[in-house]
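Colleague: Provided below: run_8.txt, containing compact mmCIF, C-alpha atoms.
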# COMPACT_ATOMS: atom_id res chain seq x y z
CA MET T 155 0.00 0.00 0.00
CA ASP T 156 1.28 3.45 -0.96
CA LEU T 157 1.43 5.47 2.24
CA SER T 158 2.48 8.73 0.56
CA PRO T 159 -1.12 10.15 0.53
CA ILE T 160 -1.27 9.68 4.32
CA TRP T 161 2.08 11.42 4.90
CA LEU T 162 1.09 14.19 2.50
CA THR T 163 -2.21 14.66 4.35
CA LEU T 164 -0.49 14.82 7.74
CA LYS T 165 2.09 17.27 6.38
CA LEU T 166 -0.65 19.44 4.91
CA ALA T 167 -2.67 19.38 8.15
CA ALA T 168 0.38 20.20 10.28
CA ILE T 169 1.50 23.14 8.11
CA THR T 170 -2.05 24.49 7.81
CA THR T 171 -2.64 24.26 11.57
CA LEU T 172 0.68 25.93 12.37
CA ILE T 173 0.06 28.83 9.97
CA LEU T 174 -3.52 29.21 11.20
CA LEU T 175 -2.28 29.34 14.80
CA LEU T 176 0.10 32.13 13.89
CA ILE T 177 -2.38 34.23 11.95
CA GLY T 178 -5.57 33.04 13.62
CA LEU T 179 -4.68 33.95 17.21
CA PRO T 180 -4.04 37.66 16.67
CA LEU T 181 -6.94 37.85 14.19
CA ALA T 182 -9.35 36.21 16.66
CA TRP T 183 -8.14 38.56 19.40
CA TRP T 184 -8.69 41.57 17.18
CA LEU T 185 -12.14 40.35 16.16
CA SER T 186 -13.10 39.72 19.79
CA LYS T 187 -12.60 43.35 20.70
CA LYS T 188 -15.09 46.15 20.06
CA ARG T 189 -17.29 45.38 17.06
CA SER T 190 -17.35 47.47 13.92
CA LEU T 191 -18.89 47.06 10.47
CA VAL T 192 -15.48 46.19 8.98
CA LYS T 193 -15.00 43.42 11.56
CA ILE T 194 -18.47 42.03 10.90
CA ILE T 195 -17.74 41.87 7.16
CA ILE T 196 -14.33 40.22 7.72
CA GLU T 197 -15.90 37.70 10.08
CA ALA T 198 -18.60 36.89 7.54
CA ILE T 199 -15.92 36.29 4.87
CA ILE T 200 -13.93 34.05 7.24
CA THR T 201 -17.10 32.06 8.04
CA MET T 202 -18.10 31.53 4.38
CA PRO T 203 -16.22 28.20 3.96
CA LEU T 204 -18.50 26.72 6.62
CA VAL T 205 -21.58 27.16 4.46
CA LEU T 206 -20.15 27.27 0.94
CA PRO T 207 -19.80 24.00 -1.02
CA PRO T 208 -16.05 23.21 -1.03
CA SER T 209 -16.15 22.83 -4.80
CA VAL T 210 -17.36 26.43 -5.14
CA LEU T 211 -14.52 27.70 -2.99
CA GLY T 212 -12.07 25.50 -4.90
CA PHE T 213 -13.42 26.74 -8.22
CA TYR T 214 -12.89 30.40 -7.32
CA LEU T 215 -9.44 29.68 -5.90
CA LEU T 216 -8.62 27.87 -9.14
CA LEU T 217 -9.75 30.90 -11.15
CA ALA T 218 -7.96 33.37 -8.88
CA PHE T 219 -4.64 31.54 -8.92
CA SER T 220 -4.69 30.24 -12.46
CA PRO T 221 -1.40 31.30 -14.12
CA GLN T 222 -3.42 32.53 -17.12
CA HIS T 223 -5.41 35.15 -15.19
CA GLY T 224 -5.03 38.21 -12.94
CA LEU T 225 -3.53 37.39 -9.54
CA GLY T 226 -2.19 33.95 -10.53
CA HIS T 227 -0.59 35.42 -13.65
CA TRP T 228 0.99 38.24 -11.64
CA LEU T 229 2.35 35.81 -9.00
CA GLN T 230 3.81 33.61 -11.74
CA GLN T 231 5.40 36.55 -13.56
CA THR T 232 6.68 38.44 -10.51
CA PHE T 233 7.69 35.72 -8.04
CA ASN T 234 7.65 32.63 -10.26
CA VAL T 235 5.13 31.08 -7.83
CA GLN T 236 2.35 28.82 -8.98
CA PHE T 237 -0.38 27.79 -6.57
CA VAL T 238 -2.53 25.73 -8.90
CA PHE T 239 -1.74 21.98 -8.95
CA SER T 240 0.97 22.37 -6.33
CA PHE T 241 1.37 21.60 -2.63
CA LYS T 242 1.59 25.36 -1.94
CA GLY T 243 -1.87 25.69 -3.45
CA LEU T 244 -3.20 22.97 -1.16
CA VAL T 245 -1.79 24.80 1.86
CA LEU T 246 -3.35 28.09 0.74
CA ALA T 247 -6.74 26.48 0.08
CA SER T 248 -6.61 24.61 3.39
CA ILE T 249 -5.82 27.78 5.32
CA ILE T 250 -8.84 29.53 3.82
CA TYR T 251 -11.06 26.48 4.16
CA SER T 252 -10.15 25.68 7.78
CA MET T 253 -9.88 29.26 9.03
CA PRO T 254 -13.34 29.39 10.68
CA PHE T 255 -12.49 26.29 12.71
CA MET T 256 -9.55 28.12 14.28
CA ILE T 257 -10.97 31.65 14.52
CA SER T 258 -14.47 30.98 15.79
CA PRO T 259 -13.76 29.05 19.02
CA VAL T 260 -10.76 31.23 19.88
CA LYS T 261 -12.69 34.44 19.29
CA SER T 262 -15.58 33.23 21.46
CA ALA T 263 -13.14 32.27 24.22
CA PHE T 264 -11.53 35.73 24.17
CA GLN T 265 -14.99 37.33 24.29
CA GLN T 266 -15.94 35.29 27.33
CA LEU T 267 -13.02 36.65 29.33
CA PRO T 268 -14.21 39.66 31.38
CA ALA T 269 -12.87 43.02 30.14
CA SER T 270 -11.66 43.67 33.69
CA LEU T 271 -8.88 41.05 33.24
CA SER T 272 -7.17 43.16 30.56
CA GLN T 273 -7.93 46.34 32.47
CA ALA T 274 -6.34 44.94 35.63
CA SER T 275 -3.23 44.07 33.65
CA TYR T 276 -3.09 47.56 32.11
CA THR T 277 -3.20 49.19 35.55
CA LEU T 278 -0.09 47.16 36.41
CA GLY T 279 1.65 48.93 33.53
CA LYS T 280 1.51 45.99 31.11
CA THR T 281 1.20 46.54 27.36
CA PRO T 282 -1.63 44.96 25.33
CA TRP T 283 0.89 42.39 24.01
CA GLN T 284 2.13 41.44 27.53
CA THR T 285 -1.52 41.20 28.61
CA PHE T 286 -2.32 38.97 25.64
CA TRP T 287 0.62 36.68 26.31
CA HIS T 288 0.51 36.42 30.14
CA VAL T 289 -3.18 36.87 30.94
CA LEU T 290 -5.51 36.25 28.00
CA LEU T 291 -3.83 33.39 26.15
CA PRO T 292 -3.25 31.13 29.20
CA ASN T 293 -6.92 31.50 30.13
CA ILE T 294 -8.29 30.25 26.82
CA LYS T 295 -6.10 27.10 26.69
CA PRO T 296 -8.92 24.53 26.45
CA SER T 297 -10.61 26.46 23.61
CA LEU T 298 -7.28 26.92 21.87
CA LEU T 299 -6.58 23.19 22.05
CA THR T 300 -10.06 22.40 20.71
CA ALA T 301 -9.60 24.87 17.85
CA THR T 302 -6.16 23.43 16.99
CA VAL T 303 -7.40 19.85 16.91
CA LEU T 304 -10.54 20.75 14.97
CA THR T 305 -8.45 22.62 12.40
CA PHE T 306 -6.03 19.71 12.05
CA ALA T 307 -8.82 17.11 11.82
CA HIS T 308 -10.83 19.21 9.38
CA THR T 309 -7.80 19.61 7.11
CA LEU T 310 -7.31 15.83 7.14
CA GLY T 311 -10.79 15.43 5.74
CA GLU T 312 -10.70 18.07 3.00
CA PHE T 313 -11.73 16.83 -0.39
CA GLY T 314 -13.57 19.16 -2.76
CA VAL T 315 -11.43 22.21 -2.34
CA VAL T 316 -8.10 20.37 -2.58
CA LEU T 317 -9.27 18.39 -5.59
CA MET T 318 -10.24 21.59 -7.42
CA ILE T 319 -7.02 23.48 -6.80
CA GLY T 320 -4.56 20.59 -6.48
CA GLY T 321 -5.89 17.85 -8.71
CA ASN T 322 -4.59 14.34 -8.14
CA ILE T 323 -0.82 14.36 -8.61
CA PRO T 324 0.81 11.45 -6.71
CA GLY T 325 3.29 12.65 -4.11
CA VAL T 326 2.39 16.30 -4.71
CA THR T 327 -1.33 16.87 -4.27
CA ARG T 328 -2.80 13.39 -3.88
CA VAL T 329 -3.92 13.53 -0.28
CA ALA T 330 -5.65 10.65 1.54
CA SER T 331 -9.24 11.75 0.88
CA ILE T 332 -8.47 11.94 -2.86
CA ALA T 333 -6.68 8.59 -2.72
CA VAL T 334 -9.88 7.07 -1.25
CA TYR T 335 -11.98 8.50 -4.07
CA ASP T 336 -9.43 7.45 -6.66
CA SER T 337 -9.21 3.90 -5.29
CA VAL T 338 -12.99 3.53 -5.36
CA GLU T 339 -13.07 4.78 -8.97
CA GLN T 340 -10.56 2.08 -9.83
CA ARG T 341 -12.60 -0.45 -7.84
CA ASP T 342 -9.67 -1.03 -5.50
CA TYR T 343 -11.85 -1.25 -2.42
CA ALA T 344 -9.11 -2.74 -0.25
CA ALA T 345 -6.90 0.34 -0.75
CA ALA T 346 -9.89 2.66 -0.25
CA ASN T 347 -10.69 0.83 2.98
CA ASN T 348 -7.10 1.08 4.23
CA TYR T 349 -6.90 4.83 3.60
CA SER T 350 -10.34 5.35 5.13
CA LEU T 351 -9.52 3.31 8.24
CA ILE T 352 -6.29 5.20 8.83
CA LEU T 353 -8.06 8.57 8.43
CA PHE T 354 -10.89 7.43 10.70
CA ALA T 355 -8.50 6.17 13.38
CA ILE T 356 -6.35 9.32 13.39
CA THR T 357 -9.29 11.73 13.59
CA PHE T 358 -11.15 9.62 16.17
CA VAL T 359 -8.14 9.45 18.49
CA MET T 360 -7.59 13.20 18.15
CA VAL T 361 -11.17 14.19 18.84
CA LEU T 362 -11.43 11.69 21.71
CA SER T 363 -8.21 13.06 23.26
CA VAL T 364 -9.61 16.59 23.24
CA PHE T 365 -12.84 15.44 24.85
CA ILE T 366 -10.91 13.61 27.55
CA TYR T 367 -8.54 16.55 28.10
CA ASN T 368 -11.38 19.03 28.42
CA LYS T 369 -13.26 16.74 30.79
CA TYR T 370 -10.36 16.30 33.18
CA GLN T 371 -8.84 19.75 32.78
CA ALA T 372 -9.33 21.70 35.98
CA LYS T 373 -11.69 24.31 34.65
CA SER T 374 -10.89 27.89 35.45
CA PRO T 375 -13.71 29.89 37.08
CA LEU T 376 -14.12 31.75 33.80
CA GLU T 377 -14.80 28.82 31.55
CA MET S 137 -4.03 67.12 44.33
CA ILE S 138 -6.35 65.39 41.87
CA ALA S 139 -8.73 67.78 40.22
CA VAL S 140 -11.70 66.26 38.41
CA ASN S 141 -14.31 68.10 36.42
CA ILE S 142 -15.91 65.74 33.90
CA GLU S 143 -19.15 64.92 32.16
CA LYS S 144 -20.38 61.67 30.67
CA LYS S 145 -23.73 60.65 29.22
CA LEU S 146 -24.86 57.32 30.63
CA LYS S 147 -27.57 55.01 29.39
CA ALA S 148 -30.19 54.47 32.07
CA TYR S 149 -33.45 52.57 32.12
CA ASN S 150 -35.36 55.85 31.67
CA GLY S 151 -33.18 57.18 28.84
CA LEU S 152 -29.93 59.09 28.98
CA GLN S 153 -28.67 60.61 32.17
CA VAL S 154 -25.68 62.88 32.53
CA LEU S 155 -23.01 62.09 35.08
CA ARG S 156 -21.36 65.35 36.16
CA ILE S 157 -18.58 65.32 38.70
CA LYS S 158 -16.53 68.26 39.87
CA LYS S 159 -14.31 67.66 42.83
CA ASP S 160 -10.78 68.11 44.09
CA PHE S 161 -9.28 65.20 46.01
CA LEU S 162 -6.59 66.07 48.52
CA PRO S 163 -3.37 64.05 48.32
CA GLY S 164 -3.16 61.33 50.94
CA GLY S 165 -6.85 61.57 51.68
CA ILE S 166 -9.51 58.90 51.63
CA THR S 167 -12.79 59.69 49.88
CA ARG S 168 -15.81 57.47 50.21
CA ILE S 169 -18.01 57.48 47.11
CA THR S 170 -21.63 56.62 47.72
CA GLY S 171 -24.80 56.65 45.69
CA PRO S 172 -27.59 54.40 44.47
CA SER S 173 -27.05 51.49 42.07
CA GLY S 174 -26.63 52.60 38.48
CA ALA S 175 -25.71 56.16 39.45
CA GLY S 176 -22.30 55.84 37.80
CA LYS S 177 -19.94 55.16 40.70
CA THR S 178 -18.00 52.44 38.86
CA THR S 179 -18.05 54.47 35.63
CA PHE S 180 -16.55 57.38 37.54
CA LEU S 181 -13.65 55.21 38.81
CA LYS S 182 -13.12 53.76 35.32
CA MET S 183 -12.98 57.26 33.81
CA ILE S 184 -10.25 58.23 36.25
CA ALA S 185 -8.31 55.02 35.52
CA GLY S 186 -8.57 55.63 31.77
CA PHE S 187 -10.83 52.70 30.81
CA ILE S 188 -13.77 54.91 29.88
CA THR S 189 -13.40 58.26 28.16
CA PRO S 190 -15.48 61.14 29.51
CA ASP S 191 -17.47 63.19 26.96
CA SER S 192 -15.81 66.37 28.13
CA GLY S 193 -13.91 67.97 30.98
CA ILE S 194 -10.54 67.60 32.63
CA ILE S 195 -8.73 65.23 35.00
CA LYS S 196 -5.52 66.59 36.39
CA THR S 197 -3.11 65.29 39.01
CA ASN S 198 -0.53 67.73 40.35
CA SER S 199 0.83 69.30 37.19
CA ILE S 200 0.05 66.42 34.80
CA THR S 201 -3.13 66.42 32.75
CA TRP S 202 -4.50 62.89 32.37
CA PHE S 203 -7.53 63.91 30.37
CA GLU S 204 -8.65 67.08 28.71
CA GLY S 205 -11.45 66.79 26.17
CA ALA S 206 -10.85 70.14 24.50
CA GLN S 207 -7.10 69.48 24.00
CA LYS S 208 -7.67 65.84 23.05
CA ILE S 209 -5.34 64.74 25.85
CA ASN S 210 -6.11 61.25 27.12
CA LEU S 211 -3.36 59.27 28.85
CA SER S 212 -3.57 55.47 28.69
CA PRO S 213 -4.22 53.40 31.85
CA GLN S 214 -0.56 52.30 31.70
CA GLN S 215 0.57 55.94 31.84
CA ARG S 216 -1.80 56.80 34.68
CA ARG S 217 -0.74 53.77 36.77
CA VAL S 218 -3.50 53.93 39.31
CA GLY S 219 -4.13 50.99 41.61
CA PHE S 220 -7.55 49.54 40.87
CA VAL S 221 -9.55 47.05 42.93
CA PHE S 222 -12.32 45.72 40.70
CA GLN S 223 -15.74 44.83 41.99
CA ASP S 224 -15.43 41.38 40.34
CA TYR S 225 -11.78 41.22 41.58
CA ALA S 226 -10.49 40.57 38.02
CA LEU S 227 -8.01 37.99 39.28
CA PHE S 228 -6.04 36.03 36.70
CA PRO S 229 -7.23 32.39 36.85
CA ASN S 230 -3.91 31.08 35.50
CA MET S 231 -1.76 32.72 38.19
CA THR S 232 -1.15 31.77 41.81
CA VAL S 233 -1.47 34.36 44.57
CA LYS S 234 2.29 34.95 44.49
CA GLN S 235 2.41 35.13 40.70
CA HIS S 236 -0.24 37.86 40.77
CA LEU S 237 2.07 40.01 42.85
CA GLU S 238 5.18 39.02 40.87
CA TYR S 239 3.39 40.04 37.67
CA ALA S 240 2.96 43.50 39.19
CA THR S 241 6.35 44.02 40.88
CA ASN S 242 9.85 42.55 41.19
CA ASP S 243 10.27 43.77 44.76
CA THR S 244 10.32 40.50 46.73
CA LYS S 245 10.35 42.20 50.14
CA TRP S 246 7.28 44.18 49.19
CA ILE S 247 5.56 41.01 47.96
CA THR S 248 6.26 39.27 51.27
CA ARG S 249 4.84 42.21 53.17
CA LEU S 250 1.70 42.36 51.04
CA LEU S 251 1.14 38.62 51.48
CA ASN S 252 1.44 39.17 55.21
CA ILE S 253 -0.97 42.12 55.35
CA GLY S 254 -3.48 40.25 53.20
CA GLY S 255 -3.17 37.14 55.38
CA LEU S 256 -2.33 35.19 52.25
CA GLU S 257 1.11 33.68 53.04
CA THR S 258 -0.22 30.14 53.40
CA PHE S 259 -2.12 30.48 50.13
CA ALA S 260 0.79 31.86 48.09
CA ASP S 261 0.74 28.89 45.71
CA HIS S 262 -3.03 28.73 45.34
CA ARG S 263 -4.86 29.87 42.24
CA PRO S 264 -7.95 32.11 42.61
CA GLY S 265 -10.28 29.18 41.93
CA HIS S 266 -9.09 27.62 45.19
CA LEU S 267 -9.50 30.74 47.34
CA SER S 268 -12.56 31.87 49.28
CA GLY S 269 -14.37 35.07 48.27
CA GLY S 270 -12.71 36.99 51.09
CA GLN S 271 -9.24 35.73 50.15
CA GLN S 272 -9.84 36.66 46.52
CA GLN S 273 -10.88 40.15 47.54
CA ARG S 274 -7.78 40.59 49.69
CA LEU S 275 -5.60 39.40 46.82
CA ALA S 276 -7.26 41.96 44.52
CA ILE S 277 -6.41 44.70 47.03
CA MET S 278 -2.80 43.52 47.47
CA ARG S 279 -2.26 43.29 43.70
CA ALA S 280 -3.46 46.88 43.30
CA LEU S 281 -1.04 47.98 46.01
CA ALA S 282 1.85 46.00 44.53
CA ILE S 283 2.67 48.81 42.08
CA LYS S 284 2.82 51.31 44.99
CA PRO S 285 0.25 53.59 43.38
CA LYS S 286 -0.19 57.21 44.32
CA LEU S 287 -3.89 56.92 43.55
CA LEU S 288 -5.91 53.86 44.54
CA LEU S 289 -9.42 53.31 43.19
CA MET S 290 -11.44 50.68 45.02
CA ASP S 291 -14.82 49.42 43.87
CA GLU S 292 -16.67 47.79 46.78
CA PRO S 293 -13.38 46.44 48.14
CA PHE S 294 -14.57 45.00 51.45
CA SER S 295 -17.94 43.50 50.50
CA ALA S 296 -16.84 39.87 50.91
CA LEU S 297 -14.97 40.31 54.19
CA ASP S 298 -16.29 39.52 57.63
CA LEU S 299 -16.34 42.31 60.21
CA LYS S 300 -13.22 41.18 62.07
CA MET S 301 -11.15 40.73 58.92
CA LYS S 302 -12.41 44.03 57.53
CA SER S 303 -11.41 46.03 60.61
CA ALA S 304 -7.95 44.45 60.75
CA LEU S 305 -7.39 44.99 57.03
CA ILE S 306 -8.60 48.61 57.09
CA ALA S 307 -6.26 49.36 60.00
CA ASP S 308 -3.31 47.86 58.08
CA LEU S 309 -4.30 49.65 54.88
CA GLN S 310 -4.43 53.00 56.63
CA ILE S 311 -0.82 52.54 57.75
CA LEU S 312 0.19 51.55 54.20
CA PHE S 313 -1.68 54.48 52.66
CA THR S 314 0.15 56.91 54.94
CA GLU S 315 3.48 55.26 54.20
CA LEU S 316 2.98 55.34 50.43
CA GLY S 317 1.15 58.67 50.38
CA VAL S 318 -1.82 57.03 48.70
CA THR S 319 -4.91 58.98 47.78
CA ALA S 320 -7.81 56.52 47.91
CA LEU S 321 -11.27 56.76 46.36
CA ILE S 322 -13.48 53.99 47.72
CA VAL S 323 -16.87 53.13 46.28
CA SER S 324 -19.14 51.66 48.89
CA HIS S 325 -22.85 50.99 48.87
CA ASN S 326 -22.81 50.43 52.59
CA PRO S 327 -22.56 53.79 54.44
CA GLN S 328 -21.35 52.04 57.62
CA GLU S 329 -18.62 50.10 55.85
CA LEU S 330 -15.94 52.72 56.33
CA ASP S 331 -16.94 53.85 59.81
CA GLY S 332 -13.87 54.81 61.72
CA VAL S 333 -12.03 55.89 58.58
CA SER S 334 -11.65 59.62 58.56
CA GLY S 335 -12.01 61.19 55.17
CA ASP S 336 -14.08 63.00 52.64
CA GLU S 337 -17.27 61.88 50.96
CA LEU S 338 -18.62 62.20 47.44
CA GLU S 339 -22.21 61.36 46.72
CA ILE S 340 -23.16 60.48 43.16
CA GLU S 341 -26.87 60.69 42.51
Using structure tokens, write down the structure that the file contains.

Modeller:
Amino acid sequence: MDLSPIWLTLKLAAITTLILLLIGLPLAWWLSKKRSLVKIIIEAIITMPLVLPPSVLGFYLLLAFSPQHGLGHWLQQTFNVQFVFSFKGLVLASIIYSMPFMISPVKSAFQQLPASLSQASYTLGKTPWQTFWHVLLPNIKPSLLTATVLTFAHTLGEFGVVLMIGGNIPGVTRVASIAVYDSVEQRDYAAANNYSLILFAITFVMVLSVFIYNKYQAKSPLE
Amino acid sequence: MIAVNIEKKLKAYNGLQVLRIKKDFLPGGITRITGPSGAGKTTFLKMIAGFITPDSGIIKTNSITWFEGAQKINLSPQQRRVGFVFQDYALFPNMTVKQHLEYATNDTKWITRLLNIGGLETFADHRPGHLSGGQQQRLAIMRALAIKPKLLLMDEPFSALDLKMKSALIADLQILFTELGVTALIVSHNPQELDGVSGDELEIE
């Protein structure tokens, strides 16, 4: 059995989760503060992948990053970067597709923290960044863990959007979910079953671990 | 001296009401702030600390202007560095009692003394979730004092303390206030709460 789709899927999920942690945390923090029309619009855009068919998102990403058109053409000409049918494209699509799974729980957790926590830290002379790092972030740990695992698990299961932008290139864009589909098309049910079982086992263990962690985690009075 | 002359529109159940406060607070003095619920006592403290911006007016301490609407001067809470005891304590759930004080100051002798005054030495390694209401309230007071503020704003700071603990703590605080030259504004809904403490009074209606 060719295990490369599994490794590729895990690599994609790990990179996507890491990047989403880096950009998602500050973005969720910013969104959790005072609401404005701009923030509402940005939040709506971030949430779109939850309700949009993945193929629609994939189709527009394909158009946007196609080397023949606008942005994709400019990226190809200026930086010699091509997102379509490449692993980079999968990462980009996964970041967009999984973003609500990272942002939403983290933003809600920040919003549930009383404003007086930040205010207390400010009176001690701490900057917003010190307050974020020492006070806010440690107090949303369970939500952050849930968001991280959900993002990782969701990326493992992506199909439509990665198929549209990445196609089915072995070793490059052929992730596990596509390998399952491909195996079924070729009537290789044994291979499809193997890929499916591995995906099922990985995601089940991850989700179960989070449930167990959150159950036994000594809850803070704020959560 | 802290000179305050500010105005702020507040939303009330019967429409908008205007909170107007004009008062000079003498340095080293204790002022008890009283008034009915919803009158704006907490808002007043938060305007002085810099969490809420008044609509107009001026807040000045000695020669430094903290807020002046007309000149668009508005110092941040970090620049004002007032000690603030929040009504909900605002303790950090992730930090132990000692870590709260260490987050505020590096002065270990001062931390030891505050732990002693607050009666919190034996709970130094406990997180707020494992403290009683009274212990949490004392920690909130000690954390506010950890930065050795010149101005201390306290919002219902003794509500969770029993009579004996309250009297002992107030006596200790008065010594500390004198030592640090603290000007204290204390919101209290209970007129008898600060009996025995000599000072001024401000009624917000």

Colleague: Write out as a Markdown table the residues of chain T that have any atom within 7 Å of an atom of chain S, one row each with the nearest atom pair and its distance in Å to one decimal, counting all atoms listed in the file, sorted by chain and then rising number.

Modeller:
| residue | atom | partner | partner_atom | distance |
| --- | --- | --- | --- | --- |
| T:Ser270 | CA | S:Ala226 | CA | 5.5 |
| T:Leu271 | CA | S:Ala226 | CA | 5.1 |
| T:Ala274 | CA | S:Ala226 | CA | 6.5 |
| T:Tyr276 | CA | S:Gln214 | CA | 5.4 |
| T:Thr277 | CA | S:Arg217 | CA | 5.3 |
| T:Leu278 | CA | S:Ala240 | CA | 5.5 |
| T:Gly279 | CA | S:Gln214 | CA | 4.4 |
| T:Lys280 | CA | S:Gln214 | CA | 6.7 |
| T:Val289 | CA | S:Phe228 | CA | 6.5 |
| T:Pro292 | CA | S:Asn230 | CA | 6.3 |
| T:Asn293 | CA | S:Asn230 | CA | 6.2 |
| T:Ser374 | CA | S:Pro229 | CA | 6.0 |
| T:Pro375 | CA | S:Gly265 | CA | 6.0 |

Colleague: Just the residues within 12 Å of Arg156 (chain S), please, counting only C-alpha atoms, with nothing from its chain fewer than 3 positions along; format it as a VMD selection string.

Modeller: chain S and resid 140 to 146 153 159 175 to 177 179 to 180 183 190 to 194 339 to 341

Colleague: Got a sec: who's within 8 Å of Gly320 (chain T), counting all atoms listed in the file, leaving out chain neighbours fewer than 6 positions off, as JSON, numbers by chain?

Modeller: {"T": [238, 239, 240, 241, 243, 244, 327, 328]}

Colleague: Rounded to one decimal in Å, what is the spacing between CA of Val235 (chain T) and CA of Val334 (chain T)?

Modeller: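 So the two atoms, CA of Val235 (chain T) and CA of Val334 (chain T), lie 29.1 Å apart.
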
Colleague: So, counting all atoms listed in the file, which residue among S:Ile277, S:Leu181, S:Val333, S:Ile195 is closest to Lys158 (chain S)?

Modeller: S:Ile195

Colleague: Between CA of His308 (chain T) and CA of Ile249 (chain T), what is the spacing in Å?

Modeller: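 A separation of 10.7 Å between them.
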
Colleague: Mind pulling up the distance from CA of Thr281 (chain T) to CA of Arg274 (chain S)?

Modeller: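 Separation between CA of Arg274 (chain S) and CA of Thr281 (chain T): 24.8 Å.
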
Colleague: Measuring between all atoms listed in the file, which one of T:Ile294, T:Val210, T:Ala218, T:Met256 shows the shortest distance to Thr171 (chain T)?

Modeller: T:Met256

Colleague: Got a sec: who's within 9 Å of Leu185 (chain T), counting all atoms listed in the file, leaving out chain neighbours fewer than 4 positions off, as a ChimeraX atom specification?

Modeller: /T:180-181,189,193-194,196-197,257,261

Colleague: Write the selection just made, keeping C-alpha atoms, as a PDB file, keeping the file's coordinate frame?

Modeller:
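Once written, result.pdb looks like this:
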ATOM      1  CA  PRO T 180      -4.040  37.660  16.670  1.00  0.00           C
ATOM      2  CA  LEU T 181      -6.940  37.850  14.190  1.00  0.00           C
ATOM      3  CA  ARG T 189     -17.290  45.380  17.060  1.00  0.00           C
ATOM      4  CA  LYS T 193     -15.000  43.420  11.560  1.00  0.00           C
ATOM      5  CA  ILE T 194     -18.470  42.030  10.900  1.00  0.00           C
ATOM      6  CA  ILE T 196     -14.330  40.220   7.720  1.00  0.00           C
ATOM      7  CA  GLU T 197     -15.900  37.700  10.080  1.00  0.00           C
ATOM      8  CA  ILE T 257     -10.970  31.650  14.520  1.00  0.00           C
ATOM      9  CA  LYS T 261     -12.690  34.440  19.290  1.00  0.00           C
TER      10      LYS T 261
END

Colleague: Which residues, written as JSON, numbers by chain, have at least one atom at most 8 Å from Thr170 (chain S), with all atoms listed in the file counted and residues fewer than 5 positions away on the same chain left out?

Modeller: {"S": [177, 323, 324, 325, 326, 327, 337, 338, 339, 340]}

Colleague: Excluding same-chain residues fewer than 5 positions from Val364 (chain T), what lies within 8 Å of it counting all atoms listed in the file, as a list in words?

Modeller: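 Residues meeting the cut-off are Leu299, Thr300 and Val303 of chain T.
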
Colleague: Measuring atom to atom with all atoms listed in the file, identify which of T:Ser209, T:Ser275, T:Thr302, T:Ser186 is nearest to Ala168 (chain T).

Modeller: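 Going through T:Ser209, T:Ser275, T:Thr302, T:Ser186 one by one, the smallest distance to Ala168 (chain T) is for T:Thr302.
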
Colleague: Region 143-182 of chain S near region 292-311 of chain S within 10 Å: what's each residue's closest atom pair and its distance in Å to one decimal, counting only C-alpha atoms, ordered by chain then ascending residue number, as a Markdown table?

Modeller:
| residue | atom | partner | partner_atom | distance |
| --- | --- | --- | --- | --- |
| S:Ile166 | CA | S:Gln310 | CA | 9.3 |
| S:Ile169 | CA | S:Glu292 | CA | 9.8 |
| S:Thr178 | CA | S:Glu292 | CA | 9.3 |

Colleague: Report, as AutoDock Vina command-line options, the centre and edge lengths in Å (one decimal) of the axis-aligned box enclosing every listed atom of region 232-248 of chain T, padded by 6 Å on each side.

Modeller:
--center_x 0.5 --center_y 30.0 --center_z -3.6 --size_x 26.4 --size_y 28.8 --size_z 25.9

Colleague: Output requested as a PDB file, in the frame of the given file - region 177-185 of chain T, filled out with N, CA and C atoms.

Modeller:
ATOM      1  N   ILE T 177      -1.577  33.095  12.411  1.00  0.00           N
ATOM      2  CA  ILE T 177      -2.380  34.230  11.950  1.00  0.00           C
ATOM      3  C   ILE T 177      -3.757  34.274  12.631  1.00  0.00           C
ATOM      4  N   GLY T 178      -4.230  33.111  13.047  1.00  0.00           N
ATOM      5  CA  GLY T 178      -5.570  33.040  13.620  1.00  0.00           C
ATOM      6  C   GLY T 178      -5.678  33.646  15.009  1.00  0.00           C
ATOM      7  N   LEU T 179      -4.619  33.438  15.828  1.00  0.00           N
ATOM      8  CA  LEU T 179      -4.680  33.950  17.210  1.00  0.00           C
ATOM      9  C   LEU T 179      -4.810  35.469  17.262  1.00  0.00           C
ATOM     10  N   PRO T 180      -3.886  36.205  16.620  1.00  0.00           N
ATOM     11  CA  PRO T 180      -4.040  37.660  16.670  1.00  0.00           C
ATOM     12  C   PRO T 180      -5.334  38.141  15.982  1.00  0.00           C
ATOM     13  N   LEU T 181      -5.716  37.443  14.905  1.00  0.00           N
ATOM     14  CA  LEU T 181      -6.940  37.850  14.190  1.00  0.00           C
ATOM     15  C   LEU T 181      -8.176  37.640  15.076  1.00  0.00           C
ATOM     16  N   ALA T 182      -8.220  36.493  15.763  1.00  0.00           N
ATOM     17  CA  ALA T 182      -9.350  36.210  16.660  1.00  0.00           C
ATOM     18  C   ALA T 182      -9.394  37.215  17.804  1.00  0.00           C
ATOM     19  N   TRP T 183      -8.231  37.575  18.299  1.00  0.00           N
ATOM     20  CA  TRP T 183      -8.140  38.560  19.400  1.00  0.00           C
ATOM     21  C   TRP T 183      -8.687  39.898  18.926  1.00  0.00           C
ATOM     22  N   TRP T 184      -8.245  40.292  17.732  1.00  0.00           N
ATOM     23  CA  TRP T 184      -8.690  41.570  17.180  1.00  0.00           C
ATOM     24  C   TRP T 184     -10.207  41.557  16.948  1.00  0.00           C
ATOM     25  N   LEU T 185     -10.703  40.446  16.422  1.00  0.00           N
ATOM     26  CA  LEU T 185     -12.140  40.350  16.160  1.00  0.00           C
ATOM     27  C   LEU T 185     -12.960  40.331  17.451  1.00  0.00           C
TER      28      LEU T 185
END
